[in-house]
>>> print(open('run_27.cif').read())   # mmCIF, C-alpha atoms
data_upload
#
loop_
_atom_site.group_PDB
_atom_site.id
_atom_site.type_symbol
_atom_site.label_atom_id
_atom_site.label_comp_id
_atom_site.auth_asym_id
_atom_site.auth_seq_id
_atom_site.Cartn_x
_atom_site.Cartn_y
_atom_site.Cartn_z
ATOM 1 C CA MET A 10 -9.942 2.781 43.408
ATOM 2 C CA ASN A 11 -8.332 3.404 40.022
ATOM 3 C CA ARG A 12 -10.444 3.117 36.910
ATOM 4 C CA GLU A 13 -8.449 0.326 35.308
ATOM 5 C CA PHE A 14 -8.788 -1.956 38.329
ATOM 6 C CA LYS A 15 -12.434 -1.038 38.724
ATOM 7 C CA ASN A 16 -13.087 -2.132 35.151
ATOM 8 C CA LYS A 17 -11.261 -5.387 35.819
ATOM 9 C CA ILE A 18 -13.551 -6.067 38.796
ATOM 10 C CA ARG A 19 -16.632 -5.272 36.719
ATOM 11 C CA GLU A 20 -15.489 -7.547 33.908
ATOM 12 C CA GLN A 21 -14.735 -10.381 36.338
ATOM 13 C CA PHE A 22 -17.963 -10.178 38.307
ATOM 14 C CA GLY A 23 -20.137 -9.241 35.342
ATOM 15 C CA ARG A 24 -19.053 -12.506 33.718
ATOM 16 C CA ALA A 25 -19.361 -14.535 36.908
ATOM 17 C CA ALA A 26 -22.578 -12.951 38.269
ATOM 18 C CA ASP A 27 -24.857 -15.953 37.701
ATOM 19 C CA GLY A 28 -22.458 -18.290 39.470
ATOM 20 C CA TYR A 29 -22.423 -16.055 42.537
ATOM 21 C CA ILE A 30 -26.187 -15.558 42.668
ATOM 22 C CA HIS A 31 -26.901 -19.282 42.592
ATOM 23 C CA ASP A 32 -23.986 -20.416 44.732
ATOM 24 C CA LYS A 33 -25.165 -22.459 47.718
ATOM 25 C CA GLY A 34 -22.078 -21.581 49.757
ATOM 26 C CA PHE A 35 -22.941 -17.884 49.521
ATOM 27 C CA ALA A 36 -26.686 -18.328 49.982
ATOM 28 C CA SER A 37 -26.227 -20.090 53.296
ATOM 29 C CA GLY A 38 -23.049 -20.886 55.171
ATOM 30 C CA SER A 39 -21.976 -20.862 58.785
ATOM 31 C CA ASP A 40 -20.271 -17.472 58.364
ATOM 32 C CA LEU A 41 -23.621 -15.886 57.486
ATOM 33 C CA GLU A 42 -25.292 -17.413 60.545
ATOM 34 C CA GLU A 43 -22.395 -16.268 62.726
ATOM 35 C CA MET A 44 -22.939 -12.729 61.407
ATOM 36 C CA VAL A 45 -26.588 -12.867 62.432
ATOM 37 C CA ARG A 46 -25.707 -14.297 65.853
ATOM 38 C CA LEU A 47 -23.105 -11.650 66.635
ATOM 39 C CA LEU A 48 -24.836 -8.589 65.179
ATOM 40 C CA GLN A 49 -28.258 -9.402 66.659
ATOM 41 C CA PRO A 50 -30.183 -7.407 64.039
ATOM 42 C CA MET A 51 -33.186 -5.479 65.369
ATOM 43 C CA PRO A 52 -36.377 -4.206 63.712
ATOM 44 C CA GLU A 53 -35.197 -0.583 63.989
ATOM 45 C CA ASP A 54 -31.814 -1.198 62.293
ATOM 46 C CA ASN A 55 -30.902 0.523 59.053
ATOM 47 C CA MET A 56 -28.346 -1.699 57.447
ATOM 48 C CA LEU A 57 -25.737 -1.248 54.734
ATOM 49 C CA ASP A 58 -24.327 -4.300 52.973
ATOM 50 C CA VAL A 59 -21.149 -3.261 51.155
ATOM 51 C CA ALA A 60 -20.037 -5.257 48.094
ATOM 52 C CA CYS A 61 -23.285 -7.223 48.246
ATOM 53 C CA GLY A 62 -22.474 -9.567 45.337
ATOM 54 C CA GLY A 63 -25.444 -11.891 44.795
ATOM 55 C CA GLY A 64 -27.401 -10.175 47.597
ATOM 56 C CA HIS A 65 -27.406 -13.184 49.939
ATOM 57 C CA THR A 66 -26.431 -11.264 53.068
ATOM 58 C CA ALA A 67 -29.004 -8.545 52.334
ATOM 59 C CA LEU A 68 -31.678 -11.192 51.800
ATOM 60 C CA ARG A 69 -30.825 -13.046 55.033
ATOM 61 C CA PHE A 70 -30.968 -9.856 57.117
ATOM 62 C CA SER A 71 -33.890 -8.108 55.401
ATOM 63 C CA PRO A 72 -36.723 -9.707 57.465
ATOM 64 C CA LEU A 73 -34.846 -8.852 60.667
ATOM 65 C CA VAL A 74 -34.224 -5.117 60.111
ATOM 66 C CA ARG A 75 -36.074 -1.999 58.972
ATOM 67 C CA SER A 76 -34.156 -1.470 55.753
ATOM 68 C CA VAL A 77 -31.143 -2.711 53.836
ATOM 69 C CA VAL A 78 -29.114 -0.730 51.339
ATOM 70 C CA ALA A 79 -27.043 -3.132 49.227
ATOM 71 C CA SER A 80 -24.118 -1.642 47.322
ATOM 72 C CA ASP A 81 -21.728 -3.120 44.812
ATOM 73 C CA LEU A 82 -19.250 -1.878 42.229
ATOM 74 C CA THR A 83 -20.696 -4.073 39.465
ATOM 75 C CA MET A 84 -24.013 -3.078 37.893
ATOM 76 C CA VAL A 85 -24.554 -6.516 36.305
ATOM 77 C CA MET A 86 -24.250 -8.084 39.752
ATOM 78 C CA LEU A 87 -26.693 -5.575 41.271
ATOM 79 C CA LYS A 88 -29.263 -6.203 38.542
ATOM 80 C CA LYS A 89 -29.000 -9.973 38.976
ATOM 81 C CA ALA A 90 -29.256 -9.621 42.751
ATOM 82 C CA GLN A 91 -32.298 -7.380 42.302
ATOM 83 C CA GLU A 92 -33.944 -9.950 39.990
ATOM 84 C CA HIS A 93 -33.081 -12.805 42.347
ATOM 85 C CA ILE A 94 -34.562 -10.970 45.332
ATOM 86 C CA SER A 95 -37.723 -10.078 43.455
ATOM 87 C CA ASP A 96 -38.072 -13.770 42.446
ATOM 88 C CA GLU A 97 -37.839 -14.703 46.118
ATOM 89 C CA GLY A 98 -40.854 -12.462 46.702
ATOM 90 C CA GLY A 99 -42.113 -10.716 49.792
ATOM 91 C CA VAL A 100 -39.028 -8.561 50.249
ATOM 92 C CA ASP A 101 -39.629 -4.839 49.931
ATOM 93 C CA ASN A 102 -36.988 -3.240 52.154
ATOM 94 C CA ILE A 103 -33.830 -3.748 50.098
ATOM 95 C CA THR A 104 -32.541 -1.034 47.754
ATOM 96 C CA PHE A 105 -29.508 -1.195 45.502
ATOM 97 C CA ARG A 106 -26.754 1.342 44.835
ATOM 98 C CA GLU A 107 -23.776 1.113 42.545
ATOM 99 C CA ALA A 108 -20.953 2.321 44.762
ATOM 100 C CA ASP A 109 -17.249 2.002 45.483
ATOM 101 C CA ALA A 110 -16.497 0.725 49.013
ATOM 102 C CA GLU A 111 -13.662 3.228 49.225
ATOM 103 C CA ASP A 112 -15.881 6.243 48.341
ATOM 104 C CA LEU A 113 -19.284 5.460 49.804
ATOM 105 C CA PRO A 114 -22.188 7.669 48.665
ATOM 106 C CA PHE A 115 -23.860 7.981 52.067
ATOM 107 C CA PRO A 116 -23.940 10.708 54.678
ATOM 108 C CA ALA A 117 -22.097 10.295 57.995
ATOM 109 C CA GLY A 118 -23.884 8.160 60.575
ATOM 110 C CA ALA A 119 -26.565 6.932 58.144
ATOM 111 C CA PHE A 120 -26.601 3.271 59.262
ATOM 112 C CA THR A 121 -26.826 1.343 62.531
ATOM 113 C CA LEU A 122 -25.587 -1.933 61.074
ATOM 114 C CA LEU A 123 -22.964 -2.639 58.422
ATOM 115 C CA THR A 124 -21.927 -5.907 56.805
ATOM 116 C CA CYS A 125 -19.270 -6.724 54.239
ATOM 117 C CA ARG A 126 -18.974 -10.402 53.385
ATOM 118 C CA VAL A 127 -16.141 -12.087 51.492
ATOM 119 C CA ALA A 128 -15.178 -8.937 49.581
ATOM 120 C CA PRO A 129 -12.294 -6.973 51.157
ATOM 121 C CA HIS A 130 -9.663 -9.158 49.460
ATOM 122 C CA HIS A 131 -10.715 -7.341 46.265
ATOM 123 C CA PHE A 132 -10.179 -3.856 47.759
ATOM 124 C CA PRO A 133 -7.002 -2.039 46.745
ATOM 125 C CA ASP A 134 -7.130 0.087 49.925
ATOM 126 C CA VAL A 135 -8.796 -1.713 52.843
ATOM 127 C CA ALA A 136 -7.829 1.010 55.352
ATOM 128 C CA ARG A 137 -9.675 3.580 53.256
ATOM 129 C CA ALA A 138 -12.759 1.345 53.021
ATOM 130 C CA LEU A 139 -12.696 0.817 56.813
ATOM 131 C CA ASN A 140 -12.557 4.583 57.339
ATOM 132 C CA GLU A 141 -15.604 4.917 55.095
ATOM 133 C CA PHE A 142 -17.427 2.162 57.030
ATOM 134 C CA HIS A 143 -16.659 4.042 60.253
ATOM 135 C CA ARG A 144 -17.932 7.330 58.793
ATOM 136 C CA VAL A 145 -21.289 5.999 57.547
ATOM 137 C CA LEU A 146 -21.981 4.025 60.725
ATOM 138 C CA ARG A 147 -23.817 5.792 63.511
ATOM 139 C CA ARG A 148 -22.094 5.982 66.915
ATOM 140 C CA GLY A 149 -22.705 2.702 68.688
ATOM 141 C CA GLY A 150 -23.483 1.002 65.361
ATOM 142 C CA ARG A 151 -22.318 -2.582 64.807
ATOM 143 C CA ILE A 152 -20.259 -3.983 61.986
ATOM 144 C CA ALA A 153 -19.356 -7.480 60.832
ATOM 145 C CA ILE A 154 -16.786 -8.187 58.170
ATOM 146 C CA VAL A 155 -16.162 -11.650 56.780
ATOM 147 C CA ASP A 156 -13.245 -12.349 54.504
ATOM 148 C CA THR A 157 -11.111 -15.173 53.377
ATOM 149 C CA LEU A 158 -8.328 -15.771 55.942
ATOM 150 C CA LEU A 159 -4.634 -15.561 55.158
ATOM 151 C CA PRO A 160 -2.857 -18.439 56.935
ATOM 152 C CA LYS A 161 -0.231 -17.433 59.518
ATOM 153 C CA ASP A 162 2.508 -19.705 58.153
ATOM 154 C CA PRO A 163 4.386 -17.575 55.550
ATOM 155 C CA GLU A 164 4.925 -20.515 53.180
ATOM 156 C CA ILE A 165 1.244 -21.516 53.216
ATOM 157 C CA ALA A 166 0.250 -17.857 52.943
ATOM 158 C CA GLU A 167 2.427 -17.355 49.883
ATOM 159 C CA TRP A 168 0.984 -20.426 48.158
ATOM 160 C CA TYR A 169 -2.527 -19.236 49.007
ATOM 161 C CA GLN A 170 -2.033 -15.732 47.621
ATOM 162 C CA GLU A 171 -0.549 -17.120 44.393
ATOM 163 C CA MET A 172 -3.358 -19.647 44.044
ATOM 164 C CA GLU A 173 -6.110 -17.062 44.580
ATOM 165 C CA LYS A 174 -4.559 -14.744 41.994
ATOM 166 C CA MET A 175 -4.373 -17.613 39.483
ATOM 167 C CA ARG A 176 -8.057 -18.241 39.962
ATOM 168 C CA ASP A 177 -9.193 -14.637 40.061
ATOM 169 C CA PRO A 178 -7.057 -11.731 38.840
ATOM 170 C CA THR A 179 -9.096 -9.314 40.981
ATOM 171 C CA HIS A 180 -7.926 -11.010 44.181
ATOM 172 C CA ILE A 181 -5.606 -8.471 45.779
ATOM 173 C CA GLN A 182 -4.739 -9.559 49.288
ATOM 174 C CA ALA A 183 -6.168 -11.650 52.112
ATOM 175 C CA TYR A 184 -5.147 -10.836 55.705
ATOM 176 C CA THR A 185 -4.441 -12.828 58.861
ATOM 177 C CA GLU A 186 -6.763 -12.682 61.855
ATOM 178 C CA GLU A 187 -4.227 -10.525 63.744
ATOM 179 C CA LYS A 188 -3.935 -8.070 60.856
ATOM 180 C CA TRP A 189 -7.735 -7.721 60.736
ATOM 181 C CA GLN A 190 -7.866 -7.002 64.454
ATOM 182 C CA GLU A 191 -5.199 -4.336 64.006
ATOM 183 C CA MET A 192 -6.820 -2.695 60.957
ATOM 184 C CA VAL A 193 -10.300 -2.530 62.490
ATOM 185 C CA GLN A 194 -8.977 -0.899 65.650
ATOM 186 C CA GLU A 195 -6.832 1.522 63.653
ATOM 187 C CA ALA A 196 -9.998 2.662 61.855
ATOM 188 C CA GLY A 197 -11.468 3.612 65.246
ATOM 189 C CA PHE A 198 -13.768 0.652 65.931
ATOM 190 C CA ILE A 199 -14.068 -1.210 69.219
ATOM 191 C CA LEU A 200 -13.163 -4.823 68.454
ATOM 192 C CA HIS A 201 -15.476 -7.307 70.187
ATOM 193 C CA GLU A 202 -14.687 -10.661 68.699
ATOM 194 C CA THR A 203 -13.052 -12.456 65.805
ATOM 195 C CA VAL A 204 -14.124 -15.935 64.781
ATOM 196 C CA THR A 205 -12.740 -18.220 62.087
ATOM 197 C CA VAL A 206 -14.887 -20.791 60.342
ATOM 198 C CA PRO A 207 -13.876 -23.513 57.877
ATOM 199 C CA LYS A 208 -15.358 -23.476 54.409
ATOM 200 C CA THR A 209 -15.164 -26.454 52.085
ATOM 201 C CA HIS A 210 -15.189 -25.720 48.361
ATOM 202 C CA ASP A 211 -16.215 -28.157 45.663
ATOM 203 C CA PHE A 212 -13.198 -27.581 43.420
ATOM 204 C CA PRO A 213 -14.816 -27.713 39.929
ATOM 205 C CA THR A 214 -17.720 -25.448 40.938
ATOM 206 C CA TRP A 215 -15.442 -23.021 42.736
ATOM 207 C CA ALA A 216 -12.943 -22.837 39.847
ATOM 208 C CA LYS A 217 -15.682 -22.352 37.242
ATOM 209 C CA ARG A 218 -17.448 -19.690 39.278
ATOM 210 C CA ALA A 219 -14.461 -17.393 38.803
ATOM 211 C CA GLY A 220 -14.881 -17.792 35.024
ATOM 212 C CA LEU A 221 -11.760 -19.888 34.370
ATOM 213 C CA ASN A 222 -11.585 -21.743 31.058
ATOM 214 C CA ARG A 223 -10.514 -25.363 30.733
ATOM 215 C CA GLU A 224 -6.787 -24.527 30.527
ATOM 216 C CA GLY A 225 -7.066 -22.254 33.550
ATOM 217 C CA ILE A 226 -8.770 -24.971 35.560
ATOM 218 C CA ALA A 227 -6.158 -27.530 34.508
ATOM 219 C CA ALA A 228 -3.334 -25.177 35.580
ATOM 220 C CA LEU A 229 -5.037 -24.524 38.906
ATOM 221 C CA ASN A 230 -5.588 -28.261 39.403
ATOM 222 C CA LYS A 231 -1.870 -28.847 38.831
ATOM 223 C CA PHE A 232 -0.963 -26.080 41.262
ATOM 224 C CA PHE A 233 -3.045 -27.819 43.950
ATOM 225 C CA VAL A 234 -1.691 -31.291 43.164
ATOM 226 C CA ASP A 235 1.915 -30.017 43.258
ATOM 227 C CA ALA A 236 1.422 -28.116 46.533
ATOM 228 C CA PRO A 237 3.851 -28.944 49.367
ATOM 229 C CA ASP A 238 2.620 -31.403 51.996
ATOM 230 C CA LYS A 239 1.965 -28.800 54.641
ATOM 231 C CA VAL A 240 -0.223 -26.837 52.199
ATOM 232 C CA GLN A 241 -2.083 -30.070 51.337
ATOM 233 C CA ASP A 242 -2.646 -30.678 55.050
ATOM 234 C CA TYR A 243 -3.691 -27.126 55.905
ATOM 235 C CA PHE A 244 -6.291 -26.901 53.128
ATOM 236 C CA GLN A 245 -7.332 -30.567 53.390
ATOM 237 C CA ILE A 246 -6.940 -30.923 49.632
ATOM 238 C CA GLU A 247 -8.894 -33.956 48.410
ATOM 239 C CA THR A 248 -7.900 -35.520 45.099
ATOM 240 C CA PHE A 249 -9.047 -38.523 43.125
ATOM 241 C CA ALA A 250 -7.133 -39.878 40.120
ATOM 242 C CA GLY A 251 -5.160 -36.636 39.805
ATOM 243 C CA GLU A 252 -8.235 -34.380 39.929
ATOM 244 C CA VAL A 253 -8.814 -32.054 42.842
ATOM 245 C CA GLU A 254 -12.294 -32.613 44.222
ATOM 246 C CA ALA A 255 -12.433 -30.314 47.229
ATOM 247 C CA TYR A 256 -10.421 -28.173 49.601
ATOM 248 C CA THR A 257 -11.180 -26.303 52.796
ATOM 249 C CA ASP A 258 -10.063 -22.771 53.596
ATOM 250 C CA ARG A 259 -11.014 -20.549 56.511
ATOM 251 C CA LYS A 260 -13.054 -17.371 56.703
ATOM 252 C CA VAL A 261 -12.422 -14.785 59.367
ATOM 253 C CA LEU A 262 -15.327 -12.881 60.878
ATOM 254 C CA VAL A 263 -14.603 -9.593 62.604
ATOM 255 C CA TYR A 264 -17.286 -8.183 64.869
ATOM 256 C CA ALA A 265 -16.829 -4.608 66.064
ATOM 257 C CA SER A 266 -18.736 -1.417 66.760
ATOM 258 C CA ARG A 267 -18.296 2.296 66.521
ATOM 259 C CA PRO A 268 -17.745 3.781 69.993
ATOM 260 C CA PRO A 269 -21.001 5.091 71.492
ATOM 261 C CA LYS A 270 -21.781 8.754 72.216
ATOM 262 C CA LYS A 271 -19.850 10.084 75.181
ATOM 263 C CA MET B 16 -40.248 2.831 40.762
ATOM 264 C CA THR B 17 -39.197 6.347 41.572
ATOM 265 C CA LEU B 18 -36.662 7.100 44.209
ATOM 266 C CA SER B 19 -38.534 7.984 47.326
ATOM 267 C CA LYS B 20 -37.593 10.846 49.596
ATOM 268 C CA ASP B 21 -36.545 8.448 52.363
ATOM 269 C CA LEU B 22 -34.070 6.807 50.072
ATOM 270 C CA LEU B 23 -32.566 10.075 48.936
ATOM 271 C CA GLU B 24 -32.022 10.981 52.556
ATOM 272 C CA ILE B 25 -29.539 8.157 52.807
ATOM 273 C CA LEU B 26 -27.633 9.104 49.682
ATOM 274 C CA ALA B 27 -24.792 11.568 49.451
ATOM 275 C CA CYS B 28 -22.257 12.588 46.841
ATOM 276 C CA PRO B 29 -19.431 10.011 47.033
ATOM 277 C CA GLN B 30 -16.907 12.790 46.438
ATOM 278 C CA CYS B 31 -17.882 15.603 48.835
ATOM 279 C CA LYS B 32 -20.415 13.578 50.910
ATOM 280 C CA GLY B 33 -22.821 16.486 50.481
ATOM 281 C CA GLU B 34 -26.443 16.654 49.447
ATOM 282 C CA ILE B 35 -27.776 14.968 46.310
ATOM 283 C CA VAL B 36 -30.784 16.389 44.440
ATOM 284 C CA PRO B 37 -32.820 14.382 41.897
ATOM 285 C CA ASP B 38 -33.956 15.889 38.596
ATOM 286 C CA ASP B 39 -37.669 15.968 37.746
ATOM 287 C CA ASN B 40 -37.594 12.611 35.943
ATOM 288 C CA HIS B 41 -35.596 10.924 38.696
ATOM 289 C CA ASP B 42 -33.114 9.702 36.132
ATOM 290 C CA LYS B 43 -30.218 11.784 37.395
ATOM 291 C CA LEU B 44 -28.985 12.864 40.788
ATOM 292 C CA TYR B 45 -27.131 16.132 41.057
ATOM 293 C CA CYS B 46 -24.377 17.296 43.349
ATOM 294 C CA HIS B 47 -24.315 21.054 42.891
ATOM 295 C CA ALA B 48 -21.195 21.489 45.033
ATOM 296 C CA CYS B 49 -19.116 19.165 42.799
ATOM 297 C CA LYS B 50 -21.083 20.109 39.641
ATOM 298 C CA LEU B 51 -21.671 16.429 38.849
ATOM 299 C CA ALA B 52 -24.695 14.430 37.695
ATOM 300 C CA TYR B 53 -24.962 10.777 38.766
ATOM 301 C CA PRO B 54 -27.032 8.638 36.368
ATOM 302 C CA VAL B 55 -29.819 6.281 37.510
ATOM 303 C CA ARG B 56 -29.926 3.028 35.501
ATOM 304 C CA ASP B 57 -32.850 0.601 35.883
ATOM 305 C CA ASP B 58 -33.783 2.249 39.190
ATOM 306 C CA ILE B 59 -30.246 1.823 40.514
ATOM 307 C CA PRO B 60 -28.313 5.037 41.211
ATOM 308 C CA VAL B 61 -24.784 4.850 39.831
ATOM 309 C CA MET B 62 -22.919 6.624 42.609
ATOM 310 C CA LEU B 63 -19.434 6.406 41.129
ATOM 311 C CA ILE B 64 -17.307 9.523 40.850
ATOM 312 C CA ASP B 65 -15.777 8.570 37.505
ATOM 313 C CA GLU B 66 -19.136 7.633 35.963
ATOM 314 C CA ALA B 67 -20.666 11.008 36.878
ATOM 315 C CA LEU B 68 -21.235 13.569 34.137
ATOM 316 C CA PRO B 69 -19.894 17.077 34.637
ATOM 317 C CA LEU B 70 -22.593 19.766 34.776
ATOM 318 C CA ALA B 71 -22.232 22.571 32.275
#
>>> encode(input="run_27.cif", output="structure tokens")
Amino acid sequence: MNREFKNKIREQFGRAADGYIHDKGFASGSDLEEMVRLLQPMPEDNMLDVACGGGHTALRFSPLVRSVVASDLTMVMLKKAQEHISDEGGVDNITFREADAEDLPFPAGAFTLLTCRVAPHHFPDVARALNEFHRVLRRGGRIAIVDTLLPKDPEIAEWYQEMEKMRDPTHIQAYTEEKWQEMVQEAGFILHETVTVPKTHDFPTWAKRAGLNREGIAALNKFFVDAPDKVQDYFQIETFAGEVEAYTDRKVLVYASRPPKK
Amino acid sequence: MTLSKDLLEILACPQCKGEIVPDDNHDKLYCHACKLAYPVRDDIPVMLIDEALPLA
């Protein structure tokens, strides 16, 4: 990842860290429960949570596994996650590392479980990150990736990409379910299942969390209001008196594993 | 908190993926192969290649 973009990510998430830590959608959410259901964490698992953000995934899994290493590119985010987890109390098996998903600082085969939740759309080189995930996962190890889903319809997809970039300049690219299946298999994983789940966002909270100012929020609101009908339908955009109140996008969950020892 | 041995076992240099060795104060982690020192800030190792300091 180049230095300039890395600094942009740090600036974005350093500013927005509090919003992510205390966000209810990240702390719970059906995608997180789906991850637990599919991965079936076990007491002997050593887990890596890449791009841990507010630490919600690490915290959910920590009682179920032996240890969790939580990594993120943004030190401010890691410190806040560390504080948040220590406030929760009773958790002593999570450690934090500042690391780049595309150059992971772990030896080959170090983990039996790997998660990466709602982060890859910030990665400049997803294929490289997937190769790193494959390297650090032990043979037979399981992986679950959740990310925001790119709609199949090109017109809706284009609107979505533009909208996400307006909200957050560190949004690079979301991918369709098919593209995820292809990328995961190209990296050498066995694909078991992909699931998509709807996620409803409270518009003002969601817009503010990215650190937008009033003008930015107004511009984003207008972009939603002016969206073509099929975009309005797809995202179930809810407005009242010209203000967007909520919309619903989809997350894709990819469950795969590294092939076992021959 | 100091970085325990167990934790160092699951750390590697992000550049060469080789062994990392802590200094006596546990405030830096060295990769002798790449001649780089990775800082530790508030107990969190900063394992970023472009934040590492070159060793003399």
>>> closest_residue(input="run_27.cif", among="A:Thr83, A:Gln49, A:Gln21, A:Asn222", to="chain B", atoms="all atoms listed in the file")
A:Thr83
>>> interface_residues(input="run_27.cif", of="chain A", to="chain B", cutoff="7 Å", atoms="only C-alpha atoms", output="JSON, numbers by chain")
{"A": [105, 106, 107, 108, 109, 112, 113, 114, 115, 116, 119]}
>>> residues_around(input="run_27.cif", residues="Ala67 of chain B", least_positions_apart="6", cutoff="8 Å", atoms="all atoms listed in the file", output="short mmCIF file (atom, residue, chain, number, x, y, z; two decimals) with C-alpha atoms, in the frame of the given file")
data_model
loop_
_atom_site.label_atom_id
_atom_site.label_comp_id
_atom_site.auth_asym_id
_atom_site.auth_seq_id
_atom_site.Cartn_x
_atom_site.Cartn_y
_atom_site.Cartn_z
CA LEU B 51 -21.67 16.43 38.85
CA ALA B 52 -24.70 14.43 37.70
CA TYR B 53 -24.96 10.78 38.77
CA PRO B 54 -27.03 8.64 36.37
CA VAL B 61 -24.78 4.85 39.83
#
>>> atom_distance(input="run_27.cif", atom1="atom CA of Asp238 of chain A", atom2="atom CA of Glu167 of chain A")
14.2 Å
>>> closest_residue(input="run_27.cif", among="A:Arg176, A:Lys188, A:Lys88, A:Lys270", to="Lys161 of chain A", atoms="all atoms listed in the file")
A:Lys188
>>> atom_distance(input="run_27.cif", atom1="atom CA of Asp156 of chain A", atom2="atom CA of His65 of chain A")
14.9 Å
>>> closest_residue(input="run_27.cif", among="A:Pro160, A:Gly150, A:Gly28, A:Gly23", to="Val240 of chain A", atoms="all atoms listed in the file")
A:Pro160
>>> atom_distance(input="run_27.cif", atom1="atom CA of Val85 of chain A", atom2="atom CA of Arg218 of chain A")
15.3 Å
>>> resolve_selection(input="run_27.cif", expression="the PyMOL selection byres ((chain A and resi 93) around 10)", output="ChimeraX atom specification")
/A:27,30-31,63-65,68,87-92,94-98
>>> resolve_selection(input="run_27.cif", expression="the PyMOL selection byres ((chain A and resi 245) around 9)", output="list of chain:residue names")
A:Thr209, A:Val240, A:Gln241, A:Asp242, A:Tyr243, A:Phe244, A:Ile246, A:Glu247, A:Ala255, A:Tyr256, A:Thr257, A:Asp258
>>> residues_around(input="run_27.cif", residues="Glu252 of chain A", least_positions_apart="5", cutoff="12 Å", atoms="only C-alpha atoms", output="list of chain:residue names")
A:Asp211, A:Phe212, A:Pro213, A:Ile226, A:Ala227, A:Ala228, A:Leu229, A:Asn230, A:Lys231, A:Phe232, A:Phe233, A:Val234, A:Asp235, A:Ile246, A:Glu247
>>> residues_near_point(input="run_27.cif", point="(-2.6, -18.6, 50.1)", cutoff="10 Å", atoms="all atoms listed in the file", output="compact mmCIF listing (two decimals) with C-alpha atoms, keeping the file's coordinate frame")
# COMPACT_ATOMS: atom_id res chain seq x y z
CA THR A 157 -11.11 -15.17 53.38
CA LEU A 158 -8.33 -15.77 55.94
CA LEU A 159 -4.63 -15.56 55.16
CA PRO A 160 -2.86 -18.44 56.94
CA LYS A 161 -0.23 -17.43 59.52
CA ASP A 162 2.51 -19.70 58.15
CA PRO A 163 4.39 -17.58 55.55
CA GLU A 164 4.92 -20.52 53.18
CA ILE A 165 1.24 -21.52 53.22
CA ALA A 166 0.25 -17.86 52.94
CA GLU A 167 2.43 -17.36 49.88
CA TRP A 168 0.98 -20.43 48.16
CA TYR A 169 -2.53 -19.24 49.01
CA GLN A 170 -2.03 -15.73 47.62
CA GLU A 171 -0.55 -17.12 44.39
CA MET A 172 -3.36 -19.65 44.04
CA GLU A 173 -6.11 -17.06 44.58
CA LYS A 174 -4.56 -14.74 41.99
CA GLN A 182 -4.74 -9.56 49.29
CA ALA A 183 -6.17 -11.65 52.11
CA TYR A 184 -5.15 -10.84 55.70
CA VAL A 240 -0.22 -26.84 52.20
CA PHE A 244 -6.29 -26.90 53.13
CA ASP A 258 -10.06 -22.77 53.60
>>> resolve_selection(input="run_27.cif", expression="the PyMOL selection byres ((chain A and resi 147) around 8)", output="PyMOL selection string")
chain A and resi 117-121+144-146+148-150+267
